[in-house]
file model-v1.txt (compact mmCIF, C-alpha atoms)
# COMPACT_ATOMS: atom_id res chain seq x y z
CA MET A 1 -10.51 11.67 -19.01
CA ASP A 2 -10.08 8.72 -21.37
CA VAL A 3 -8.54 5.77 -19.57
CA LEU A 4 -7.03 2.57 -20.92
CA VAL A 5 -7.54 -0.48 -18.74
CA PRO A 6 -5.09 -3.15 -19.94
CA PHE A 7 -6.35 -6.69 -19.34
CA ASP A 8 -4.79 -10.07 -19.97
CA ALA A 9 -7.65 -12.07 -21.46
CA GLY A 10 -5.54 -15.19 -21.81
CA GLU A 11 -4.18 -16.87 -18.69
CA PRO A 12 -4.55 -14.25 -15.99
CA LYS A 13 -3.36 -14.63 -12.40
CA THR A 14 -1.17 -17.69 -12.79
CA ARG A 15 0.52 -16.98 -9.45
CA LEU A 16 -2.82 -17.62 -7.78
CA GLY A 17 -2.81 -21.13 -9.29
CA GLY A 18 -2.35 -22.77 -5.90
CA LEU A 19 -5.62 -21.30 -4.69
CA LEU A 20 -7.81 -20.93 -7.76
CA ASP A 21 -8.38 -23.19 -10.76
CA PRO A 22 -8.21 -21.62 -14.24
CA ASP A 23 -11.94 -20.89 -14.48
CA GLU A 24 -11.91 -19.33 -11.02
CA ARG A 25 -8.90 -17.22 -11.88
CA ALA A 26 -10.70 -15.96 -14.99
CA ALA A 27 -13.85 -15.15 -12.98
CA PHE A 28 -11.86 -13.35 -10.30
CA ALA A 29 -9.86 -11.40 -12.88
CA ARG A 30 -13.06 -10.39 -14.67
CA ALA A 31 -14.62 -9.22 -11.39
CA SER A 32 -11.57 -7.09 -10.71
CA LEU A 33 -11.62 -5.68 -14.27
CA LEU A 34 -15.25 -4.62 -13.84
CA ASP A 35 -14.46 -3.09 -10.42
CA VAL A 36 -11.70 -1.03 -11.99
CA CYS A 37 -13.85 0.08 -14.93
CA ASP A 38 -16.68 1.05 -12.56
CA ALA A 39 -14.26 2.99 -10.35
CA VAL A 40 -12.82 4.80 -13.39
CA GLY A 41 -16.34 5.72 -14.48
CA GLY A 42 -17.26 6.79 -10.95
CA ALA A 43 -14.26 9.10 -10.95
CA GLY A 44 -15.47 10.77 -14.16
CA GLY A 45 -13.23 8.81 -16.52
CA ASN A 46 -14.16 6.95 -19.71
CA PRO A 47 -12.64 3.47 -19.54
CA THR A 48 -11.66 1.44 -22.58
CA VAL A 49 -10.57 -2.12 -21.92
CA LEU A 50 -7.35 -2.86 -23.78
CA ALA A 51 -7.51 -6.63 -23.91
CA THR A 52 -5.21 -9.27 -25.36
CA GLY A 53 -8.26 -11.03 -26.77
CA PRO A 54 -12.04 -10.68 -27.18
CA ASN A 55 -13.79 -9.90 -23.94
CA ASP A 56 -17.47 -9.55 -23.20
CA VAL A 57 -17.80 -6.60 -20.81
CA PRO A 58 -20.23 -3.66 -20.77
CA TYR A 59 -17.44 -1.24 -21.68
CA PRO A 60 -15.66 -0.43 -24.95
CA VAL A 61 -13.00 -3.03 -25.74
CA THR A 62 -9.93 -2.67 -27.95
CA VAL A 63 -8.12 -5.90 -28.76
CA ASP A 64 -4.34 -5.85 -29.09
CA ASP A 65 -2.42 -9.04 -28.42
CA ARG A 66 1.03 -7.50 -28.36
CA PRO A 67 3.06 -7.29 -25.13
CA LEU A 68 1.67 -4.89 -22.52
CA SER A 69 3.95 -1.87 -23.02
CA VAL A 70 3.77 -2.09 -26.82
CA ALA A 71 0.00 -2.30 -26.78
CA VAL A 72 -0.41 0.57 -24.32
CA ASN A 73 1.97 2.82 -26.24
CA ALA A 74 0.12 2.06 -29.49
CA HIS A 75 -3.15 3.30 -28.00
CA LEU A 76 -1.86 6.02 -25.66
CA ASP A 77 -3.21 9.38 -26.79
CA PRO A 78 -2.49 12.03 -24.11
CA PRO A 79 -4.12 13.36 -22.06
CA MET A 80 -5.03 9.83 -21.02
CA GLY A 81 -4.98 7.54 -18.01
CA VAL A 82 -3.79 3.96 -17.83
CA VAL A 83 -5.12 1.87 -14.95
CA VAL A 84 -4.29 -1.82 -14.75
CA ALA A 85 -7.21 -4.20 -14.40
CA ASP A 86 -6.12 -6.15 -11.34
CA LEU A 87 -6.77 -3.56 -8.65
CA PRO A 88 -9.63 -5.03 -6.64
CA LEU A 89 -9.31 -2.34 -3.97
CA ALA A 90 -9.67 0.55 -6.42
CA THR A 91 -12.39 3.07 -5.66
CA ALA A 92 -13.74 6.09 -7.48
CA SER A 93 -12.35 8.39 -4.79
CA ALA A 94 -8.84 6.94 -5.11
CA LEU A 95 -8.98 7.49 -8.86
CA GLU A 96 -10.40 10.98 -8.45
CA ARG A 97 -7.29 11.83 -6.45
CA LEU A 98 -5.17 10.46 -9.31
CA PHE A 99 -7.03 12.31 -12.06
CA GLU A 100 -7.09 15.66 -10.29
CA VAL A 101 -3.34 16.03 -9.79
CA ASP A 102 -1.98 18.59 -12.19
CA ALA A 103 1.26 17.25 -13.64
CA ASP A 104 2.49 15.96 -17.00
CA VAL A 105 2.89 12.48 -15.54
CA VAL A 106 1.01 11.33 -12.45
CA ILE A 107 1.95 7.95 -11.01
CA ALA A 108 0.14 5.75 -8.53
CA PRO A 109 2.91 3.33 -7.53
CA GLY A 110 2.12 -0.32 -7.18
CA ARG A 111 3.78 -2.69 -4.79
CA ARG A 112 7.00 -4.36 -5.89
CA GLY A 113 7.97 -1.43 -8.11
CA GLY A 114 4.92 -1.49 -10.33
CA THR A 115 3.01 1.39 -11.89
CA ASN A 116 -0.59 0.50 -11.25
CA ALA A 117 -2.15 3.69 -12.45
CA LEU A 118 -0.84 6.55 -14.49
CA VAL A 119 -1.99 9.77 -16.06
CA VAL A 120 -0.03 11.00 -19.07
CA ARG A 121 -0.50 14.54 -20.30
CA HIS A 122 2.84 14.94 -22.09
CA PRO A 123 2.67 13.93 -25.78
CA ASP A 124 6.05 12.17 -25.89
CA VAL A 125 5.81 9.87 -22.87
CA ALA A 126 5.99 6.15 -23.61
CA VAL A 127 5.31 3.58 -20.91
CA ASP A 128 7.60 0.72 -19.94
CA TYR A 129 6.04 -1.81 -17.60
CA HIS A 130 9.03 -4.12 -17.38
CA GLY A 131 10.89 -4.39 -14.06
CA ALA A 132 10.72 -1.57 -11.51
CA SER A 133 8.50 0.47 -13.76
CA VAL A 134 7.80 3.20 -11.22
CA ARG A 135 11.47 4.13 -11.33
CA ASP A 136 11.55 3.92 -15.11
CA HIS A 137 8.49 6.14 -15.46
CA ARG A 138 10.02 8.76 -13.16
CA ARG A 139 13.14 8.71 -15.34
CA ILE A 140 11.25 8.75 -18.64
CA ALA A 141 9.37 11.85 -17.48
CA ASP A 142 12.52 13.54 -16.15
CA ASP A 143 14.37 12.91 -19.41
CA LEU A 144 11.57 14.69 -21.28
CA GLY A 145 11.51 17.59 -18.84
CA ALA A 146 7.96 16.60 -17.95
CA SER A 147 6.62 17.34 -14.48
CA VAL A 148 5.99 14.27 -12.33
CA ALA A 149 3.73 13.78 -9.34
CA GLU A 150 2.77 10.71 -7.36
CA VAL A 151 -0.46 9.79 -5.65
CA ASP A 152 -0.19 8.11 -2.27
CA SER A 153 -2.85 5.39 -2.36
CA PHE A 154 -2.92 1.95 -0.75
CA ARG A 155 -6.00 1.08 -2.81
CA LEU A 156 -4.14 1.73 -6.04
CA ALA A 157 -0.93 0.08 -4.79
CA VAL A 158 -2.38 -3.36 -4.08
CA ASP A 159 -2.80 -5.67 -7.01
CA ALA A 160 -3.93 -9.25 -6.61
CA ASP A 161 -0.93 -11.11 -7.88
CA GLU A 162 -0.02 -13.45 -5.06
CA PRO A 163 -1.90 -15.41 -2.40
CA ALA A 164 -0.86 -12.93 0.31
CA ASP A 165 -2.54 -10.13 -1.66
CA LEU A 166 -5.90 -11.83 -1.21
CA VAL A 167 -5.74 -10.91 2.49
CA GLU A 168 -5.89 -7.28 1.40
CA VAL A 169 -8.80 -7.99 -0.94
CA LEU A 170 -10.77 -9.75 1.79
CA LEU A 171 -10.14 -6.99 4.33
CA HIS A 172 -10.56 -3.93 2.12
CA ALA A 173 -12.21 -4.53 -1.27
CA GLU A 174 -15.70 -3.12 -1.66
CA GLY A 175 -16.66 -4.41 -5.10
CA ARG A 176 -17.24 -7.56 -7.11
CA ALA A 177 -13.79 -9.11 -6.68
CA GLY A 178 -13.99 -9.09 -2.89
CA GLU A 179 -17.53 -10.43 -3.02
CA TRP A 180 -16.48 -13.13 -5.47
CA LEU A 181 -13.68 -14.27 -3.15
CA ARG A 182 -15.96 -14.37 -0.11
CA GLU A 183 -18.62 -16.30 -2.02
CA ALA A 184 -15.96 -18.73 -3.21
CA GLY A 185 -15.37 -19.54 0.46
CA PHE A 186 -12.25 -17.54 1.15
CA GLY A 187 -11.60 -15.90 4.47
CA ILE A 188 -8.70 -14.96 6.66
CA GLU A 189 -7.16 -16.88 9.51
CA ILE A 190 -4.80 -15.63 12.15
CA GLY A 191 -1.82 -17.74 13.12
CA ASP A 192 1.65 -17.31 14.53
CA GLY A 193 2.93 -16.02 11.19
CA GLY A 194 0.28 -13.31 10.99
CA VAL A 195 -2.83 -13.07 8.84
CA ARG A 196 -3.30 -15.55 6.01
CA VAL A 197 -5.94 -16.39 3.45
CA CYS A 198 -7.81 -19.68 3.86
CA ARG A 199 -10.68 -21.46 2.10
CA GLU A 200 -13.58 -23.25 3.72
CA MET B 1 -2.35 16.58 18.12
CA ASP B 2 -0.46 14.46 20.62
CA VAL B 3 0.80 11.27 19.01
CA LEU B 4 2.18 8.10 20.57
CA VAL B 5 4.88 6.36 18.55
CA PRO B 6 5.24 2.84 19.94
CA PHE B 7 8.74 1.43 19.51
CA ASP B 8 10.24 -1.93 20.35
CA ALA B 9 13.60 -1.02 21.86
CA GLY B 10 14.56 -4.63 22.44
CA GLU B 11 15.01 -6.93 19.47
CA PRO B 12 13.35 -5.08 16.61
CA LYS B 13 12.91 -6.41 13.08
CA THR B 14 13.78 -10.06 13.69
CA ARG B 15 12.21 -11.03 10.35
CA LEU B 16 14.93 -9.03 8.64
CA GLY B 17 17.52 -11.25 10.34
CA GLY B 18 18.54 -12.87 7.07
CA LEU B 19 19.62 -9.49 5.67
CA LEU B 20 20.72 -7.42 8.68
CA ASP B 21 22.71 -8.33 11.78
CA PRO B 22 21.33 -7.23 15.18
CA ASP B 23 23.24 -3.93 15.29
CA GLU B 24 22.12 -3.11 11.76
CA ARG B 25 18.52 -3.95 12.57
CA ALA B 26 18.68 -1.61 15.56
CA ALA B 27 20.19 1.19 13.45
CA PHE B 28 17.60 0.73 10.71
CA ALA B 29 14.75 0.64 13.24
CA ARG B 30 16.05 3.80 14.90
CA ALA B 31 16.27 5.58 11.53
CA SER B 32 12.68 4.64 10.80
CA LEU B 33 11.57 5.79 14.27
CA LEU B 34 13.16 9.18 13.69
CA ASP B 35 11.59 9.42 10.23
CA VAL B 36 8.16 8.78 11.74
CA CYS B 37 8.69 11.29 14.56
CA ASP B 38 9.86 13.92 12.07
CA ALA B 39 6.86 13.26 9.83
CA VAL B 40 4.48 13.52 12.80
CA GLY B 41 6.08 16.83 13.74
CA GLY B 42 5.97 18.04 10.15
CA ALA B 43 2.25 17.31 10.09
CA GLY B 44 1.71 19.46 13.16
CA GLY B 45 1.66 16.64 15.70
CA ASN B 46 3.59 16.27 18.95
CA PRO B 47 5.23 12.85 19.01
CA THR B 48 6.04 10.94 22.18
CA VAL B 49 8.01 7.74 21.73
CA LEU B 50 6.40 4.93 23.71
CA ALA B 51 9.34 2.59 24.03
CA THR B 52 9.77 -0.79 25.68
CA GLY B 53 13.09 0.42 27.10
CA PRO B 54 15.30 3.51 27.40
CA ASN B 55 15.94 5.16 24.08
CA ASP B 56 18.12 8.12 23.21
CA VAL B 57 16.17 10.18 20.69
CA PRO B 58 15.55 13.93 20.43
CA TYR B 59 11.86 13.47 21.28
CA PRO B 60 10.02 12.86 24.55
CA VAL B 61 10.20 9.19 25.54
CA THR B 62 7.87 7.23 27.80
CA VAL B 63 9.08 3.79 28.80
CA ASP B 64 6.55 0.99 29.23
CA ASP B 65 7.69 -2.58 28.79
CA ARG B 66 4.27 -4.18 28.73
CA PRO B 67 2.86 -5.74 25.54
CA LEU B 68 2.02 -3.26 22.78
CA SER B 69 -1.75 -2.98 23.16
CA VAL B 70 -1.56 -2.79 26.98
CA ALA B 71 1.07 -0.07 26.86
CA VAL B 72 -0.76 1.99 24.24
CA ASN B 73 -4.06 1.78 26.09
CA ALA B 74 -2.36 2.84 29.33
CA HIS B 75 -1.11 6.04 27.68
CA LEU B 76 -3.94 6.73 25.24
CA ASP B 77 -5.61 10.02 26.15
CA PRO B 78 -8.00 11.07 23.36
CA PRO B 79 -7.90 13.03 21.22
CA MET B 80 -4.63 11.37 20.33
CA GLY B 81 -2.86 9.68 17.45
CA VAL B 82 -0.93 6.40 17.48
CA VAL B 83 1.59 5.89 14.69
CA VAL B 84 3.84 2.83 14.71
CA ALA B 85 7.56 3.45 14.42
CA ASP B 86 8.37 1.19 11.50
CA LEU B 87 6.92 3.22 8.66
CA PRO B 88 9.97 4.31 6.67
CA LEU B 89 7.79 5.68 3.86
CA ALA B 90 5.79 7.98 6.15
CA THR B 91 5.71 11.64 5.19
CA ALA B 92 4.26 14.73 6.81
CA SER B 93 1.69 15.04 4.02
CA ALA B 94 0.47 11.48 4.51
CA LEU B 95 0.05 12.14 8.23
CA GLU B 96 -1.65 15.48 7.59
CA ARG B 97 -4.26 13.59 5.62
CA LEU B 98 -4.71 11.25 8.60
CA PHE B 99 -4.95 14.01 11.19
CA GLU B 100 -7.38 16.17 9.24
CA VAL B 101 -10.12 13.54 8.82
CA ASP B 102 -13.01 14.33 11.12
CA ALA B 103 -14.16 11.08 12.72
CA ASP B 104 -14.07 9.49 16.18
CA VAL B 105 -11.68 6.85 14.91
CA VAL B 106 -9.50 7.33 11.84
CA ILE B 107 -7.54 4.34 10.61
CA ALA B 108 -4.62 4.12 8.22
CA PRO B 109 -4.59 0.41 7.42
CA GLY B 110 -1.33 -1.42 7.24
CA ARG B 111 -0.58 -4.34 5.03
CA ARG B 112 -1.47 -7.81 6.31
CA GLY B 113 -4.38 -6.49 8.36
CA GLY B 114 -2.37 -4.12 10.51
CA THR B 115 -3.31 -0.72 11.86
CA ASN B 116 -0.27 1.37 11.18
CA ALA B 117 -1.67 4.72 12.19
CA LEU B 118 -4.74 5.71 14.09
CA VAL B 119 -6.45 8.78 15.46
CA VAL B 120 -8.73 8.26 18.44
CA ARG B 121 -11.13 11.00 19.46
CA HIS B 122 -13.67 8.85 21.32
CA PRO B 123 -12.87 8.49 25.06
CA ASP B 124 -13.78 4.80 25.34
CA VAL B 125 -11.81 3.32 22.44
CA ALA B 126 -9.14 0.79 23.38
CA VAL B 127 -6.70 -0.53 20.80
CA ASP B 128 -6.03 -4.19 20.05
CA TYR B 129 -3.04 -4.80 17.81
CA HIS B 130 -3.25 -8.58 17.78
CA GLY B 131 -4.21 -10.33 14.54
CA ALA B 132 -6.15 -8.49 11.84
CA SER B 133 -6.28 -5.36 13.93
CA VAL B 134 -7.80 -3.17 11.22
CA ARG B 135 -10.92 -5.32 11.36
CA ASP B 136 -10.92 -5.32 15.15
CA HIS B 137 -10.58 -1.55 15.30
CA ARG B 138 -13.50 -1.09 12.91
CA ARG B 139 -15.58 -3.38 15.14
CA ILE B 140 -14.46 -1.73 18.39
CA ALA B 141 -15.52 1.65 17.03
CA ASP B 142 -18.83 0.31 15.69
CA ASP B 143 -19.65 -1.32 19.02
CA LEU B 144 -19.20 2.04 20.73
CA GLY B 145 -21.27 3.88 18.13
CA ALA B 146 -18.16 5.85 17.22
CA SER B 147 -17.76 7.15 13.68
CA VAL B 148 -14.97 5.50 11.69
CA ALA B 149 -13.05 6.73 8.67
CA GLU B 150 -10.06 5.34 6.83
CA VAL B 151 -7.20 7.08 5.11
CA ASP B 152 -6.03 5.59 1.83
CA SER B 153 -2.23 5.82 2.01
CA PHE B 154 0.43 3.54 0.58
CA ARG B 155 3.07 5.37 2.60
CA LEU B 156 1.28 4.58 5.84
CA ALA B 157 0.44 1.02 4.77
CA VAL B 158 4.00 -0.18 4.20
CA ASP B 159 5.94 -1.23 7.25
CA ALA B 160 9.39 -2.75 7.00
CA ASP B 161 8.78 -6.18 8.45
CA GLU B 162 10.02 -8.53 5.78
CA PRO B 163 12.80 -8.54 3.19
CA ALA B 164 10.30 -7.85 0.38
CA ASP B 165 9.26 -4.65 2.16
CA LEU B 166 12.76 -3.25 1.72
CA VAL B 167 12.06 -2.96 -2.02
CA GLU B 168 9.39 -0.41 -1.14
CA VAL B 169 11.79 1.43 1.16
CA LEU B 170 14.46 1.61 -1.52
CA LEU B 171 12.05 2.81 -4.19
CA HIS B 172 9.97 5.26 -2.16
CA ALA B 173 11.43 6.28 1.21
CA GLU B 174 12.63 9.87 1.44
CA GLY B 175 14.16 9.92 4.93
CA ARG B 176 16.86 8.39 7.09
CA ALA B 177 15.77 4.76 6.83
CA GLY B 178 15.97 4.73 3.05
CA GLU B 179 19.31 6.52 3.16
CA TRP B 180 20.60 4.09 5.77
CA LEU B 181 19.66 1.11 3.58
CA ARG B 182 21.30 2.60 0.50
CA GLU B 183 24.46 3.45 2.44
CA ALA B 184 24.52 -0.09 3.82
CA GLY B 185 24.84 -1.27 0.23
CA PHE B 186 21.30 -2.35 -0.50
CA GLY B 187 19.73 -1.93 -3.88
CA ILE B 188 17.16 -3.60 -6.06
CA GLU B 189 17.67 -6.18 -8.76
CA ILE B 190 15.23 -7.27 -11.40
CA GLY B 191 14.88 -10.95 -12.19
CA ASP B 192 12.30 -13.35 -13.52
CA GLY B 193 10.42 -13.31 -10.24
CA GLY B 194 10.15 -9.52 -10.25
CA VAL B 195 11.93 -6.90 -8.19
CA ARG B 196 14.05 -8.04 -5.23
CA VAL B 197 16.35 -6.46 -2.70
CA CYS B 198 20.06 -7.23 -2.97
CA ARG B 199 23.25 -6.15 -1.19
CA GLU B 200 26.53 -5.21 -2.77
call {"tool": "encode", "arguments": {"input": "model-v1.txt", "output": "structure tokens"}}
result
Amino acid sequence: MDVLVPFDAGEPKTRLGGLLDPDERAAFARASLLDVCDAVGGAGGNPTVLATGPNDVPYPVTVDDRPLSVAVNAHLDPPMGVVVADLPLATASALERLFEVDADVVIAPGRRGGTNALVVRHPDVAVDYHGASVRDHRRIADDLGASVAEVDSFRLAVDADEPADLVEVLLHAEGRAGEWLREAGFGIEIGDGGVRVCRE
Amino acid sequence: MDVLVPFDAGEPKTRLGGLLDPDERAAFARASLLDVCDAVGGAGGNPTVLATGPNDVPYPVTVDDRPLSVAVNAHLDPPMGVVVADLPLATASALERLFEVDADVVIAPGRRGGTNALVVRHPDVAVDYHGASVRDHRRIADDLGASVAEVDSFRLAVDADEPADLVEVLLHAEGRAGEWLREAGFGIEIGDGGVRVCRE
């Protein structure tokens, strides 16, 4: 399956600004992008990075600097997958589960209402990543009479948007992004408020 | 499979205190407990509620007021499952996936390092829910030479500990806890900071 991997090549991960400087954020985001592309490939998919700017990765890159939903819809050619780049927990087996579900629209929900991964087999579906997009994508599919299924995956639900998300990366990620974080000195500490990320 | 469902019958869900008064927290926690017991039953398991105090539910109840790990270990009789009560997104199919994995220890990780659901088939495994328990349970199993597997489930990863978690309940829960929240006037709103829970 052909899979778009949208990637913000500009100022990624600004909400991690308290923990990572801009160069570190770019390195971490790139590690996660490569993890996702590798996982897509491992699941039998053909990833194309849909980047907002030029990007040197060992995968095909299409540059489109328009807003996310506009860019994805411009390049969406069903049957096709769309997997966001900031899923450092993604694995080939999680994506295999996504790709093998037989429905017109298959959604892997993200936390906070997101749609982290998607398969579109219906020709008229357009994505809308604004707001609680998982709800919008269910509705878009229903309005078209398209069948909808969801994949229940923690690994596809966790993006690395906020400092608390890095706890999940440190505990569960198996690829470059987790390794990058550990090598950058990050670990977890356990206090009264639960488990938190810390840096040496 | 016999399954313990630990439940805090005392002052559950204190971190939701800003949104729910004590009676509401108890009602919401009870709804989630029943959802989990129903899902366990739907997956072919036999749930027993392991409660810190008396509890009127249509399932067998064992009362043990000791701390969580102590109480679970006292009643753990492998092969057995342990599924925490505050998983309002849990479904029978998610638990079927947990129960059918063939390993001495099968873990469904929770967010923030938790172990939300567990199957123990090795006679010498003891649980330890303090801190980043998912890491501890991996280590406990490794130290015993027990095989370990993990189940990748968003529905089993999301507990309802914090206000932000209620967004997940409102968007994804299919049982009583989600219905209770909606009937109590909760919904989601979309602002600059993303998706948040709100009350009418």
call {"tool": "atom_distance", "arguments": {"input": "model-v1.txt", "atom1": "atom CA of Ala173 of chain A", "atom2": "atom CA of Thr91 of chain A"}}
result
8.8 Å
call {"tool": "atom_distance", "arguments": {"input": "model-v1.txt", "atom1": "atom CA of Asp104 of chain A", "atom2": "atom CA of Val119 of chain A"}}
result
7.7 Å
call {"tool": "closest_residue", "arguments": {"input": "model-v1.txt", "among": "A:Gly145, A:Pro60, A:Gly191, A:Gly110", "to": "Val158 of chain B", "atoms": "all atoms listed in the file"}}
result
A:Gly110
call {"tool": "interface_residues", "arguments": {"input": "model-v1.txt", "of": "chain B", "to": "chain A", "cutoff": "12 Å", "atoms": "all atoms listed in the file", "output": "number ranges by chain"}}
result
B: 15, 89-91, 93-95, 97, 108-115, 129-136, 138, 150-158, 161-172, 187-197
call {"tool": "closest_residue", "arguments": {"input": "model-v1.txt", "among": "A:His75, A:Arg199, A:Ala184, A:Thr52", "to": "Arg25 of chain A", "atoms": "all atoms listed in the file"}}
result
A:Ala184
call {"tool": "residues_around", "arguments": {"input": "model-v1.txt", "residues": "Thr48 of chain A", "least_positions_apart": "5", "cutoff": "8 Å", "atoms": "only C-alpha atoms", "output": "list in words"}}
result
Asp2, Val3, Leu4, Val5, Tyr59, Pro60, Val61 and Thr62 of chain A
call {"tool": "closest_residue", "arguments": {"input": "model-v1.txt", "among": "B:Pro67, B:Gly81, B:Gly17, B:Pro6", "to": "Gly45 of chain B", "atoms": "all atoms listed in the file"}}
result
B:Gly81
call {"tool": "closest_residue", "arguments": {"input": "model-v1.txt", "among": "A:Gly185, A:Glu174, A:Gly18, A:Asp8", "to": "Ala51 of chain A", "atoms": "all atoms listed in the file"}}
result
A:Asp8
call {"tool": "atom_distance", "arguments": {"input": "model-v1.txt", "atom1": "atom CA of Gly175 of chain B", "atom2": "atom CA of Val84 of chain B"}}
result
15.9 Å
call {"tool": "closest_residue", "arguments": {"input": "model-v1.txt", "among": "A:Val49, A:Glu24, A:Val57, A:Ala92", "to": "Glu183 of chain A", "atoms": "all atoms listed in the file"}}
result
A:Glu24
call {"tool": "axis_aligned_box", "arguments": {"input": "model-v1.txt", "around": "segment 165-180 of chain A", "padding_each_side": "4 Å", "output": "AutoDock Vina command-line options"}}
result
--center_x -10.0 --center_y -8.1 --center_z -1.4 --size_x 23.0 --size_y 18.0 --size_z 19.4
call {"tool": "residues_near_point", "arguments": {"input": "model-v1.txt", "point": "(9.9, 9.0, -19.2)", "cutoff": "10 Å", "atoms": "only C-alpha atoms", "output": "PyMOL selection string"}}
result
chain A and resi 105+122+124-128+135-146+148
call {"tool": "write_last_selection", "arguments": {"input": "model-v1.txt", "atoms": "C-alpha atoms", "output": "mmCIF file, in the coordinates of the input"}}
result
data_model
loop_
_atom_site.group_PDB
_atom_site.id
_atom_site.type_symbol
_atom_site.label_atom_id
_atom_site.label_comp_id
_atom_site.auth_asym_id
_atom_site.auth_seq_id
_atom_site.Cartn_x
_atom_site.Cartn_y
_atom_site.Cartn_z
ATOM 1 C CA VAL A 105 2.890 12.480 -15.540
ATOM 2 C CA HIS A 122 2.840 14.940 -22.090
ATOM 3 C CA ASP A 124 6.050 12.170 -25.890
ATOM 4 C CA VAL A 125 5.810 9.870 -22.870
ATOM 5 C CA ALA A 126 5.990 6.150 -23.610
ATOM 6 C CA VAL A 127 5.310 3.580 -20.910
ATOM 7 C CA ASP A 128 7.600 0.720 -19.940
ATOM 8 C CA ARG A 135 11.470 4.130 -11.330
ATOM 9 C CA ASP A 136 11.550 3.920 -15.110
ATOM 10 C CA HIS A 137 8.490 6.140 -15.460
ATOM 11 C CA ARG A 138 10.020 8.760 -13.160
ATOM 12 C CA ARG A 139 13.140 8.710 -15.340
ATOM 13 C CA ILE A 140 11.250 8.750 -18.640
ATOM 14 C CA ALA A 141 9.370 11.850 -17.480
ATOM 15 C CA ASP A 142 12.520 13.540 -16.150
ATOM 16 C CA ASP A 143 14.370 12.910 -19.410
ATOM 17 C CA LEU A 144 11.570 14.690 -21.280
ATOM 18 C CA GLY A 145 11.510 17.590 -18.840
ATOM 19 C CA ALA A 146 7.960 16.600 -17.950
ATOM 20 C CA VAL A 148 5.990 14.270 -12.330
#
